[in-house]
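Source file: structure_17.csv; contents: CSV, C-alpha atoms and all ligand atoms.
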chain,number,residue,atom,x,y,z
F,36,MET,CA,0.0,0.0,0.0
F,37,LEU,CA,1.4,3.4,-1.1
F,38,ASN,CA,1.3,6.2,1.5
F,39,ILE,CA,0.3,9.5,0.1
F,40,GLY,CA,0.7,13.0,1.6
F,41,MET,CA,-1.6,15.7,0.4
F,42,ILE,CA,-0.3,19.2,0.2
F,43,GLY,CA,-3.2,21.7,0.0
F,44,ALA,CA,-6.8,21.0,1.1
F,45,GLY,CA,-8.8,23.5,-0.9
F,46,ARG,CA,-11.2,22.6,-3.7
F,47,ILE,CA,-9.1,20.2,-5.7
F,48,GLY,CA,-7.1,18.8,-2.7
F,49,ARG,CA,-10.4,17.6,-1.2
F,50,VAL,CA,-11.5,16.1,-4.5
F,51,HIS,CA,-8.3,14.1,-4.7
F,52,ALA,CA,-8.3,13.0,-1.0
F,53,GLU,CA,-11.9,11.8,-1.3
F,54,SER,CA,-11.4,10.1,-4.6
F,55,ILE,CA,-8.2,8.3,-3.4
F,56,THR,CA,-10.1,7.1,-0.3
F,57,CYS,CA,-13.1,5.8,-2.2
F,58,HIS,CA,-11.7,4.7,-5.6
F,59,VAL,CA,-7.9,4.3,-5.8
F,60,LYS,CA,-6.5,0.9,-5.2
F,61,ASP,CA,-3.0,0.3,-3.7
F,62,ALA,CA,-2.9,3.8,-2.1
F,63,ARG,CA,-4.1,5.7,1.0
F,64,VAL,CA,-3.9,9.3,2.2
F,65,LYS,CA,-1.7,9.1,5.3
F,66,ALA,CA,-1.3,12.8,6.0
F,67,ILE,CA,-2.6,16.2,4.8
F,68,ALA,CA,-1.1,19.7,5.2
F,69,ASP,CA,-2.7,23.1,4.7
F,70,PRO,CA,-1.7,26.4,6.5
F,71,SER,CA,-5.3,27.5,6.6
F,72,PHE,CA,-6.8,24.3,8.2
F,73,THR,CA,-9.9,25.1,10.4
F,74,ASP,CA,-11.7,22.8,12.8
F,75,GLU,CA,-14.1,22.0,9.9
F,76,GLY,CA,-11.1,21.0,7.7
F,77,ARG,CA,-9.7,18.8,10.5
F,78,GLN,CA,-13.1,17.2,11.0
F,79,TRP,CA,-13.4,16.6,7.2
F,80,ALA,CA,-9.9,14.9,7.2
F,81,ARG,CA,-10.8,12.7,10.1
F,82,SER,CA,-14.1,11.7,8.4
F,83,LEU,CA,-11.8,10.2,5.6
F,84,GLY,CA,-9.7,8.4,8.2
F,85,ILE,CA,-6.8,10.8,7.8
F,86,ASP,CA,-5.4,11.4,11.4
F,87,GLU,CA,-2.2,13.3,10.5
F,88,VAL,CA,-3.3,16.8,9.8
F,89,TYR,CA,-0.6,19.5,9.6
F,90,THR,CA,-0.4,23.2,8.8
F,91,ASP,CA,3.2,22.9,7.5
F,92,PHE,CA,3.9,20.6,4.5
F,93,HIS,CA,7.4,19.9,5.8
F,94,GLU,CA,6.0,17.5,8.3
F,95,ILE,CA,4.9,15.3,5.3
F,96,LEU,CA,8.3,15.6,3.6
F,97,LYS,CA,10.0,14.5,6.9
F,98,ASP,CA,7.9,11.4,7.1
F,99,ALA,CA,10.0,8.5,5.7
F,100,SER,CA,6.9,6.3,5.4
F,101,ILE,CA,5.3,8.6,2.8
F,102,ASP,CA,6.1,7.5,-0.7
F,103,ALA,CA,4.4,10.3,-2.8
F,104,VAL,CA,2.9,13.7,-2.4
F,105,LEU,CA,0.0,15.4,-4.3
F,106,ILE,CA,0.7,19.1,-4.7
F,107,CYS,CA,-2.8,20.7,-4.6
F,108,SER,CA,-1.8,24.1,-3.1
F,109,SER,CA,-2.2,27.5,-4.8
F,110,THR,CA,-0.4,27.6,-8.1
F,111,ASP,CA,2.3,30.0,-7.0
F,112,THR,CA,3.6,27.4,-4.4
F,113,HIS,CA,3.8,24.4,-6.7
F,114,ALA,CA,7.3,24.6,-8.1
F,115,ASP,CA,9.0,25.5,-4.8
F,116,ILE,CA,7.2,22.6,-3.0
F,117,ALA,CA,8.0,20.2,-5.8
F,118,ILE,CA,11.7,21.0,-5.6
F,119,GLU,CA,11.7,20.4,-1.9
F,120,ALA,CA,9.7,17.1,-2.4
F,121,ILE,CA,12.3,16.0,-5.1
F,122,HIS,CA,15.1,16.5,-2.6
F,123,ALA,CA,13.1,14.6,0.0
F,124,HIS,CA,12.8,11.7,-2.5
F,125,LYS,CA,9.0,11.8,-2.7
F,126,HIS,CA,7.2,10.9,-6.0
F,127,ILE,CA,5.1,13.9,-7.1
F,128,PHE,CA,1.7,14.5,-8.6
F,129,CYS,CA,1.4,18.2,-9.2
F,130,GLU,CA,-1.8,20.1,-10.1
F,131,LYS,CA,-1.8,22.2,-13.2
F,132,PRO,CA,-0.1,24.5,-14.0
F,133,VAL,CA,3.3,23.4,-12.7
F,134,SER,CA,4.0,27.1,-12.4
F,135,GLN,CA,3.2,30.5,-13.9
F,136,SER,CA,6.9,31.1,-14.1
F,137,LEU,CA,9.0,29.4,-16.9
F,138,SER,CA,12.2,29.7,-14.8
F,139,LYS,CA,10.5,27.9,-11.9
F,140,ILE,CA,9.5,25.1,-14.3
F,141,ARG,CA,13.1,24.9,-15.6
F,142,GLU,CA,14.4,24.6,-12.0
F,143,THR,CA,11.9,21.8,-11.3
F,144,ALA,CA,12.9,20.0,-14.5
F,145,ASN,CA,16.6,20.4,-13.6
F,146,ALA,CA,16.0,19.0,-10.1
F,147,LEU,CA,14.0,16.0,-11.6
F,148,SER,CA,16.8,15.2,-14.1
F,149,HIS,CA,19.1,14.5,-11.2
F,150,SER,CA,16.7,12.2,-9.4
F,151,ASP,CA,14.6,9.1,-10.0
F,152,VAL,CA,11.4,10.7,-8.7
F,153,LYS,CA,8.2,10.3,-10.7
F,154,PHE,CA,6.5,13.6,-11.6
F,155,GLN,CA,3.0,13.7,-13.1
F,156,VAL,CA,1.0,16.8,-14.0
F,157,GLY,CA,-2.7,17.1,-13.3
F,158,PHE,CA,-4.1,17.3,-16.8
F,159,ASN,CA,-7.1,15.2,-15.9
F,160,ARG,CA,-9.2,15.8,-19.0
F,161,ARG,CA,-6.9,13.3,-20.8
F,162,PHE,CA,-8.6,10.6,-18.6
F,163,ASP,CA,-12.2,11.7,-19.3
F,164,HIS,CA,-14.1,8.9,-21.1
F,165,ASN,CA,-15.2,11.3,-24.0
F,166,PHE,CA,-11.7,12.7,-24.7
F,167,GLU,CA,-10.2,9.3,-24.4
F,168,ALA,CA,-12.7,8.0,-27.1
F,169,VAL,CA,-11.6,10.8,-29.5
F,170,ARG,CA,-8.0,10.0,-29.0
F,171,SER,CA,-8.7,6.2,-29.5
F,172,ALA,CA,-10.4,6.9,-32.8
F,173,ILE,CA,-7.4,9.0,-33.9
F,174,ASP,CA,-4.9,6.4,-32.8
F,175,ALA,CA,-6.9,3.7,-34.6
F,176,GLY,CA,-6.4,5.7,-37.9
F,177,LYS,CA,-10.1,6.3,-38.4
F,178,ILE,CA,-9.8,10.0,-38.9
F,179,GLY,CA,-6.7,9.8,-41.1
F,180,ASP,CA,-4.3,12.8,-41.0
F,181,ILE,CA,-5.5,15.5,-38.7
F,182,HIS,CA,-6.4,18.8,-40.4
F,183,ILE,CA,-8.6,20.7,-37.9
F,184,VAL,CA,-9.2,20.5,-34.2
F,185,LYS,CA,-12.0,22.5,-32.6
F,186,ILE,CA,-12.2,22.7,-28.8
F,187,THR,CA,-15.0,24.5,-27.0
F,188,SER,CA,-14.4,25.1,-23.3
F,189,ARG,CA,-16.8,27.3,-21.4
F,190,ASP,CA,-17.3,27.5,-17.6
F,191,PRO,CA,-20.8,27.9,-16.0
F,192,ASP,CA,-19.8,31.0,-14.1
F,193,ALA,CA,-16.9,33.4,-13.6
F,194,PRO,CA,-14.7,32.9,-10.5
F,195,PRO,CA,-14.5,35.6,-7.9
F,196,LEU,CA,-12.2,38.6,-8.7
F,197,GLU,CA,-9.9,37.6,-5.8
F,198,TYR,CA,-9.3,34.2,-7.5
F,199,ALA,CA,-8.8,35.8,-10.9
F,200,ARG,CA,-6.3,38.3,-9.5
F,201,VAL,CA,-3.8,35.5,-8.5
F,202,SER,CA,-4.8,32.9,-11.2
F,203,GLY,CA,-2.3,34.1,-13.8
F,204,GLY,CA,-5.1,35.0,-16.2
F,205,LEU,CA,-7.5,33.1,-18.4
F,206,PHE,CA,-4.8,31.4,-20.6
F,207,LEU,CA,-2.7,30.1,-17.7
F,208,ASP,CA,-5.6,29.2,-15.5
F,209,MET,CA,-8.4,27.9,-17.8
F,210,THR,CA,-7.2,27.6,-21.4
F,211,ILE,CA,-4.2,25.7,-20.1
F,212,HIS,CA,-6.4,22.5,-20.2
F,213,ASP,CA,-7.3,23.2,-23.8
F,214,PHE,CA,-3.7,23.8,-24.8
F,215,ASP,CA,-2.9,20.4,-23.3
F,216,MET,CA,-5.9,18.9,-25.1
F,217,ALA,CA,-4.8,20.2,-28.5
F,218,ARG,CA,-1.4,18.5,-27.9
F,219,TYR,CA,-3.0,15.3,-26.5
F,220,LEU,CA,-5.4,14.9,-29.4
F,221,THR,CA,-3.0,15.7,-32.2
F,222,GLY,CA,0.1,14.1,-30.6
F,223,SER,CA,2.0,17.1,-31.9
F,224,ASP,CA,3.5,20.3,-30.4
F,225,VAL,CA,2.2,23.8,-31.0
F,226,VAL,CA,4.5,26.1,-33.1
F,227,GLU,CA,2.4,29.3,-33.5
F,228,VAL,CA,-0.4,31.0,-31.6
F,229,SER,CA,-2.9,33.8,-32.4
F,230,ALA,CA,-5.2,35.0,-29.6
F,231,TYR,CA,-8.2,37.4,-29.4
F,232,GLY,CA,-9.7,38.2,-26.0
F,233,ALA,CA,-12.3,40.4,-24.3
F,234,ALA,CA,-13.9,40.9,-20.9
F,235,LEU,CA,-17.6,40.5,-21.8
F,236,VAL,CA,-18.8,38.6,-18.8
F,237,GLU,CA,-17.1,40.5,-16.0
F,238,PRO,CA,-15.9,43.9,-17.2
F,239,ALA,CA,-13.9,44.5,-13.9
F,240,LEU,CA,-11.5,41.9,-15.2
F,241,ARG,CA,-10.1,44.5,-17.5
F,242,ASP,CA,-8.9,46.5,-14.5
F,243,ILE,CA,-6.7,43.6,-13.5
F,244,GLY,CA,-5.5,43.0,-17.1
F,245,ASP,CA,-7.5,39.8,-17.5
F,246,ILE,CA,-10.2,38.6,-20.0
F,247,ASP,CA,-13.1,36.1,-19.8
F,248,THR,CA,-13.8,35.4,-23.4
F,249,ALA,CA,-11.2,34.2,-26.0
F,250,ILE,CA,-10.7,32.7,-29.4
F,251,ILE,CA,-7.2,31.2,-29.9
F,252,THR,CA,-5.9,29.6,-33.0
F,253,LEU,CA,-2.9,27.2,-33.0
F,254,LYS,CA,-0.6,25.9,-35.7
F,255,LEU,CA,0.8,22.5,-34.8
F,256,ALA,CA,4.1,21.0,-35.8
F,257,ASN,CA,2.4,18.2,-37.8
F,258,GLY,CA,0.6,20.9,-40.0
F,259,ALA,CA,-2.8,20.7,-38.2
F,260,LEU,CA,-4.7,23.8,-37.3
F,261,ALA,CA,-6.7,24.1,-34.0
F,262,VAL,CA,-9.2,26.6,-32.7
F,263,ILE,CA,-10.2,27.0,-29.1
F,264,ASP,CA,-13.1,29.1,-27.8
F,265,ASN,CA,-13.4,30.0,-24.1
F,266,SER,CA,-15.9,31.8,-22.0
F,267,ARG,CA,-16.0,32.1,-18.2
F,268,ARG,CA,-19.8,32.0,-18.3
F,269,ALA,CA,-22.1,29.8,-20.4
F,270,ALA,CA,-25.7,30.4,-19.3
F,271,TYR,CA,-26.6,26.8,-19.8
F,272,GLY,CA,-23.7,25.2,-17.9
F,273,TYR,CA,-20.3,23.7,-18.4
F,274,ASP,CA,-19.7,23.3,-22.1
F,275,GLN,CA,-16.9,20.9,-23.0
F,276,ARG,CA,-16.8,19.7,-26.5
F,277,ALA,CA,-14.3,18.8,-29.2
F,278,GLU,CA,-14.2,17.8,-32.8
F,279,VAL,CA,-11.3,16.5,-34.8
F,280,PHE,CA,-11.5,16.5,-38.6
F,281,GLY,CA,-9.0,14.7,-40.8
F,282,SER,CA,-8.4,13.2,-44.2
F,283,LYS,CA,-10.6,10.2,-43.6
F,284,GLY,CA,-13.4,11.6,-41.4
F,285,GLN,CA,-14.2,13.4,-38.2
F,286,VAL,CA,-14.9,12.5,-34.6
F,287,SER,CA,-16.7,14.7,-32.1
F,288,ILE,CA,-18.0,14.5,-28.6
F,289,ALA,CA,-21.0,16.1,-26.9
F,290,ASN,CA,-21.5,17.3,-23.3
F,291,ASP,CA,-22.3,14.8,-20.6
F,292,SER,CA,-25.7,15.4,-18.8
F,293,ALA,CA,-27.4,13.8,-15.9
F,294,SER,CA,-29.6,11.7,-18.3
F,295,SER,CA,-30.1,11.4,-22.0
F,296,ALA,CA,-33.8,12.0,-21.7
F,297,VAL,CA,-35.3,14.1,-24.5
F,298,ILE,CA,-38.9,15.3,-23.8
F,299,SER,CA,-41.0,16.1,-26.9
F,300,THR,CA,-44.3,18.0,-26.4
F,301,VAL,CA,-46.4,20.3,-28.4
F,302,GLU,CA,-44.3,23.2,-27.1
F,303,GLY,CA,-41.0,21.8,-28.4
F,304,ILE,CA,-38.3,19.3,-27.7
F,305,THR,CA,-36.1,19.7,-24.6
F,306,GLY,CA,-33.2,17.8,-23.0
F,307,GLU,CA,-31.0,18.0,-19.9
F,308,LYS,CA,-28.4,20.8,-19.5
F,309,PRO,CA,-24.7,19.7,-19.3
F,310,LEU,CA,-23.4,18.6,-16.0
F,311,TYR,CA,-22.8,21.7,-13.9
F,312,PHE,CA,-19.0,22.1,-13.6
F,313,PHE,CA,-15.7,20.2,-13.5
F,314,LEU,CA,-16.5,18.4,-10.3
F,315,GLU,CA,-19.5,16.8,-11.9
F,316,ARG,CA,-18.2,16.4,-15.4
F,317,TYR,CA,-14.7,15.2,-14.6
F,318,MET,CA,-15.0,13.4,-11.3
F,319,ALA,CA,-14.1,9.9,-12.8
F,320,SER,CA,-11.0,11.4,-14.5
F,321,PHE,CA,-9.6,12.6,-11.2
F,322,SER,CA,-9.5,9.0,-9.8
F,323,ARG,CA,-8.2,7.6,-13.1
F,324,GLU,CA,-5.2,10.0,-13.3
F,325,ILE,CA,-4.2,9.2,-9.7
F,326,SER,CA,-4.7,5.4,-10.2
F,327,LEU,CA,-2.3,5.7,-13.2
F,328,PHE,CA,0.2,7.7,-11.1
F,329,VAL,CA,0.1,5.1,-8.4
F,330,GLN,CA,0.6,2.3,-11.0
F,331,ALA,CA,3.6,4.1,-12.5
F,332,ILE,CA,5.2,4.2,-9.0
F,333,VAL,CA,4.3,0.6,-8.1
F,334,LYS,CA,5.4,-0.9,-11.5
F,335,ASP,CA,8.2,1.7,-12.1
F,336,THR,CA,6.9,2.7,-15.5
F,337,GLU,CA,6.6,6.2,-17.2
F,338,VAL,CA,3.9,8.5,-15.9
F,339,PRO,CA,1.3,9.4,-18.5
F,340,VAL,CA,1.7,13.2,-18.2
F,341,ASN,CA,5.3,14.3,-17.6
F,342,ILE,CA,7.1,17.5,-16.9
F,343,ASN,CA,7.4,18.4,-20.6
F,344,ASP,CA,3.6,18.0,-20.9
F,345,GLY,CA,3.5,20.4,-18.0
F,346,LEU,CA,5.9,22.9,-19.6
F,347,GLN,CA,4.4,23.0,-23.2
F,348,PRO,CA,0.9,24.4,-22.3
F,349,VAL,CA,2.6,27.1,-20.2
F,350,LEU,CA,4.8,28.1,-23.2
F,351,ILE,CA,1.6,28.2,-25.4
F,352,ALA,CA,-0.2,30.3,-22.7
F,353,LYS,CA,2.7,32.8,-22.7
F,354,ALA,CA,2.6,33.0,-26.5
F,355,ALA,CA,-1.1,33.6,-26.4
F,356,GLN,CA,-0.7,36.4,-23.8
F,357,ARG,CA,1.9,38.0,-26.1
F,358,SER,CA,-0.3,37.6,-29.1
F,359,LEU,CA,-3.2,39.3,-27.3
F,360,MET,CA,-0.9,42.2,-26.2
F,361,GLU,CA,0.9,42.7,-29.5
F,362,HIS,CA,-2.0,41.9,-31.9
F,363,ARG,CA,0.0,39.4,-33.9
F,364,PRO,CA,0.7,35.7,-34.3
F,365,VAL,CA,3.5,34.6,-31.9
F,366,MET,CA,5.9,31.6,-32.5
F,367,ILE,CA,6.5,29.4,-29.5
F,368,SER,CA,10.2,29.7,-30.3
F,369,GLU,CA,9.9,33.4,-29.4
F,370,ILE,CA,9.2,32.5,-25.8
F,371,ASP,CA,12.3,32.3,-23.7
F,372,TYR,CA,12.5,29.2,-21.6
I,401,LIG,N1,-7.2,19.9,-12.7
I,401,LIG,C1,-8.2,20.6,-12.4
I,401,LIG,O1,-9.2,20.5,-13.1
I,401,LIG,C2,-8.1,21.7,-11.4
I,401,LIG,C3,-9.3,22.2,-10.8
I,401,LIG,C4,-9.2,23.2,-9.8
I,401,LIG,C5,-7.9,23.6,-9.4
I,401,LIG,N2,-6.8,23.1,-10.0
I,401,LIG,C6,-5.5,23.6,-9.6
I,401,LIG,O2,-5.2,23.2,-8.2
I,401,LIG,C7,-4.6,24.2,-7.5
I,401,LIG,C8,-5.4,24.6,-6.3
I,401,LIG,O3,-6.7,25.1,-6.7
I,401,LIG,P1,-8.0,25.1,-5.8
I,401,LIG,O4,-9.1,25.5,-6.6
I,401,LIG,O5,-8.0,23.9,-5.0
I,401,LIG,O6,-7.6,26.4,-4.9
I,401,LIG,P2,-8.0,26.7,-3.4
I,401,LIG,O7,-7.7,28.1,-3.2
I,401,LIG,O8,-9.4,26.2,-3.1
I,401,LIG,O9,-7.0,25.8,-2.5
I,401,LIG,C9,-5.7,26.0,-2.4
I,401,LIG,C10,-5.3,25.5,-1.0
I,401,LIG,O10,-3.8,25.5,-0.9
I,401,LIG,C11,-3.5,25.9,0.4
I,401,LIG,N3,-2.1,26.3,0.4
I,401,LIG,C12,-1.5,27.5,0.1
I,401,LIG,N4,-0.2,27.4,0.3
I,401,LIG,C13,0.1,26.2,0.9
I,401,LIG,C14,1.3,25.5,1.3
I,401,LIG,N5,2.4,26.1,1.3
I,401,LIG,N6,1.1,24.3,1.8
I,401,LIG,C15,-0.1,23.6,1.8
I,401,LIG,N7,-1.2,24.2,1.4
I,401,LIG,C16,-1.1,25.5,0.9
I,401,LIG,C17,-4.5,27.1,0.7
I,401,LIG,O11,-4.5,27.3,2.1
I,401,LIG,C18,-5.7,26.5,0.1
I,401,LIG,O12,-6.5,25.8,1.1
I,401,LIG,C19,-4.4,25.4,-8.5
I,401,LIG,O13,-3.1,25.3,-9.0
I,401,LIG,C20,-5.4,25.1,-9.6
I,401,LIG,O14,-5.0,25.6,-10.8
I,401,LIG,C21,-6.9,22.1,-10.9
Give the structure from this file in structure tokens form.
Ligand SMILES: NC(=O)c1ccc[n+]([C@@H]2O[C@H](COP(=O)([O-])OP(=O)(O)OC[C@H]3O[C@@H](n4cnc5c(N)ncnc54)[C@H](O)[C@@H]3O)[C@@H](O)[C@H]2O)c1
Amino acid sequence: MLNIGMIGAGRIGRVHAESITCHVKDARVKAIADPSFTDEGRQWARSLGIDEVYTDFHEILKDASIDAVLICSSTDTHADIAIEAIHAHKHIFCEKPVSQSLSKIRETANALSHSDVKFQVGFNRRFDHNFEAVRSAIDAGKIGDIHIVKITSRDPDAPPLEYARVSGGLFLDMTIHDFDMARYLTGSDVVEVSAYGAALVEPALRDIGDIDTAIITLKLANGALAVIDNSRRAAYGYDQRAEVFGSKGQVSIANDSASSAVISTVEGITGEKPLYFFLERYMASFSREISLFVQAIVKDTEVPVNINDGLQPVLIAKAAQRSLMEHRPVMISEIDY
């Protein structure tokens, strides 16, 4: 049984702790650390059978019986915690993005290159049943050579301004999943980025230099073109779709909903809205990604999402930010790493 230490017990930390406890074989959460633990948080941890609750993550790193850590703290802490965890010989699952700073990602990659620690990045959508089906169709050659990828990714509501202020902006916080998806579906790196953006949902975002609506086009190394559209607020719920078009055909996925019931009456035809947000839509993918991380440690195999998979979407996000600012297409090679 692998012992896991959780670092960060906010939204996603709790999702992972609960999903490991209920769904992941061969692993258990032994300890959890978060500087802002309250009595409610401690009680929640105990309800999962986690007795070791700390405010300082170093307690986890000091525990020789802990094999791996899940870094689920705020983004600006990921890389520094990861580097300390590498030195403490803990395998690492790190939530996305690895860092908003390319130099911090480089430091993390350097530390990893001198160790045998496994490092997996939390791009959970790769393990969603719909996106996996798209990728399988592509891998089976059913679509032929990929020409066009279309990704729609719209949240049901905008996050609070305090969240947006430290999130790194739409491209690094939200579109980062779509940049990863473009790479995952095409099996190719991005070489050029053009971005348009606006603050149409929450105009106050303009004051902090952020946007909530975007269209981004990508050129991939294999010649394919991709377009991503984002909004922080879709009135009808979490809108997560993709289509891949190629020389032999196309594959597309629709949203998941609570049921596939379609009600037809004299007034019209209605169906269910999409599942509300990422906790509802992607819950199964969170336990799948951790199960694969645990397997990679137990069987000493490659992790499915490595540090380069963590780096590339950050490079794409930086190029998108520059494209938006400078009103021009930006090559990935222009971004200093
Ligand atoms: N894969 C996904 O779909 C997904 C979804 C949500 C969030 N995330 C990522 O997960 C990270 C956390 O997001 P969240 O929504 O849970 O945020 P959150 O604000 O709800 O939680 C972050 C927690 O980290 C804690 N923290 C801060 N510094 C710490 C430290 N030094 N040691 C331990 N804990 C510390 C905070 O006290 C807080 O409780 C972000 O990087 C975010 O991008 C990923």
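Put simply, atom CA of F:Ala120 is 15.5 Å away from atom CA of F:Asp69.
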Which neighbours of stretch 314-327 of chain F fall inside 10 Å, counting all atoms listed in the file, when residues of the same chain fewer than 4 positions from it are skipped, and could you give them as an MDAnalysis selection string?
-> chainID F and resid 46:47 50:62 105 128 155:164 273:275 290:293 309:310 331:333 336:340
For F:Ile367, which residue among F:Val228, F:Ala193, F:Ile67, F:Ala256 is the nearest when counting all atoms listed in the file?
->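 That would be F:Val228, the residue with the smallest distance to F:Ile367.
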Atom pair atom CA of F:Asp215 / atom CA of F:Ile186: separation (Å) | 11.0 Å
Give as a list in words every residue, naming chains and numbers as the document does, that has an atom within 8 Å of (0.2, 20.3, -27.0), counting all atoms listed in the file.
->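 It turns out the residues near that spot are Phe214, Asp215, Met216, Ala217, Arg218, Tyr219, Thr221, Gly222, Ser223, Asp224, Val225, Asp344, Gln347 and Pro348 of chain F.
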Near F:Ser134, within 12 Å and counting only C-alpha atoms, which residues show up once chain neighbours fewer than 3 positions away are dropped, as a count of residues only?
-> 38
Counting all atoms listed in the file, the residue among F:Lys185, F:His212, F:Lys153, F:Lys65 that lies closest to ligand LIG 401 (chain I) is F:His212
Coordinates of box centre and edge lengths for ligand LIG 401 (chain I), 6 Å on every side, axis-aligned, as AutoDock Vina command-line options:
--center_x -3.5 --center_y 24.0 --center_z -5.5 --size_x 23.8 --size_y 20.2 --size_z 27.2
When distances are computed from all atoms listed in the file, which of F:Thr210, F:Thr300, F:Ser82, F:Ser171 shows the smallest separation from ligand LIG 401 (chain I)?
-> F:Thr210
Atom CA of F:Ala289 sits from atom CA of F:Val262 at a separation of 16.8 Å
Quick one: residues within 12 Å of stretch 244-246 of chain F, all atoms listed in the file counted, chain neighbours fewer than 3 positions away excluded, as a ChimeraX atom specification?
-> /F:193-194,196,198-210,230-241,249-250,265-268,356,359-360
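Using all atoms listed in the file, the smallest distance between any of F:Val226, F:Ala68, F:Val88, F:Ile39 and ligand LIG 401 (chain I) comes from F:Ala68.
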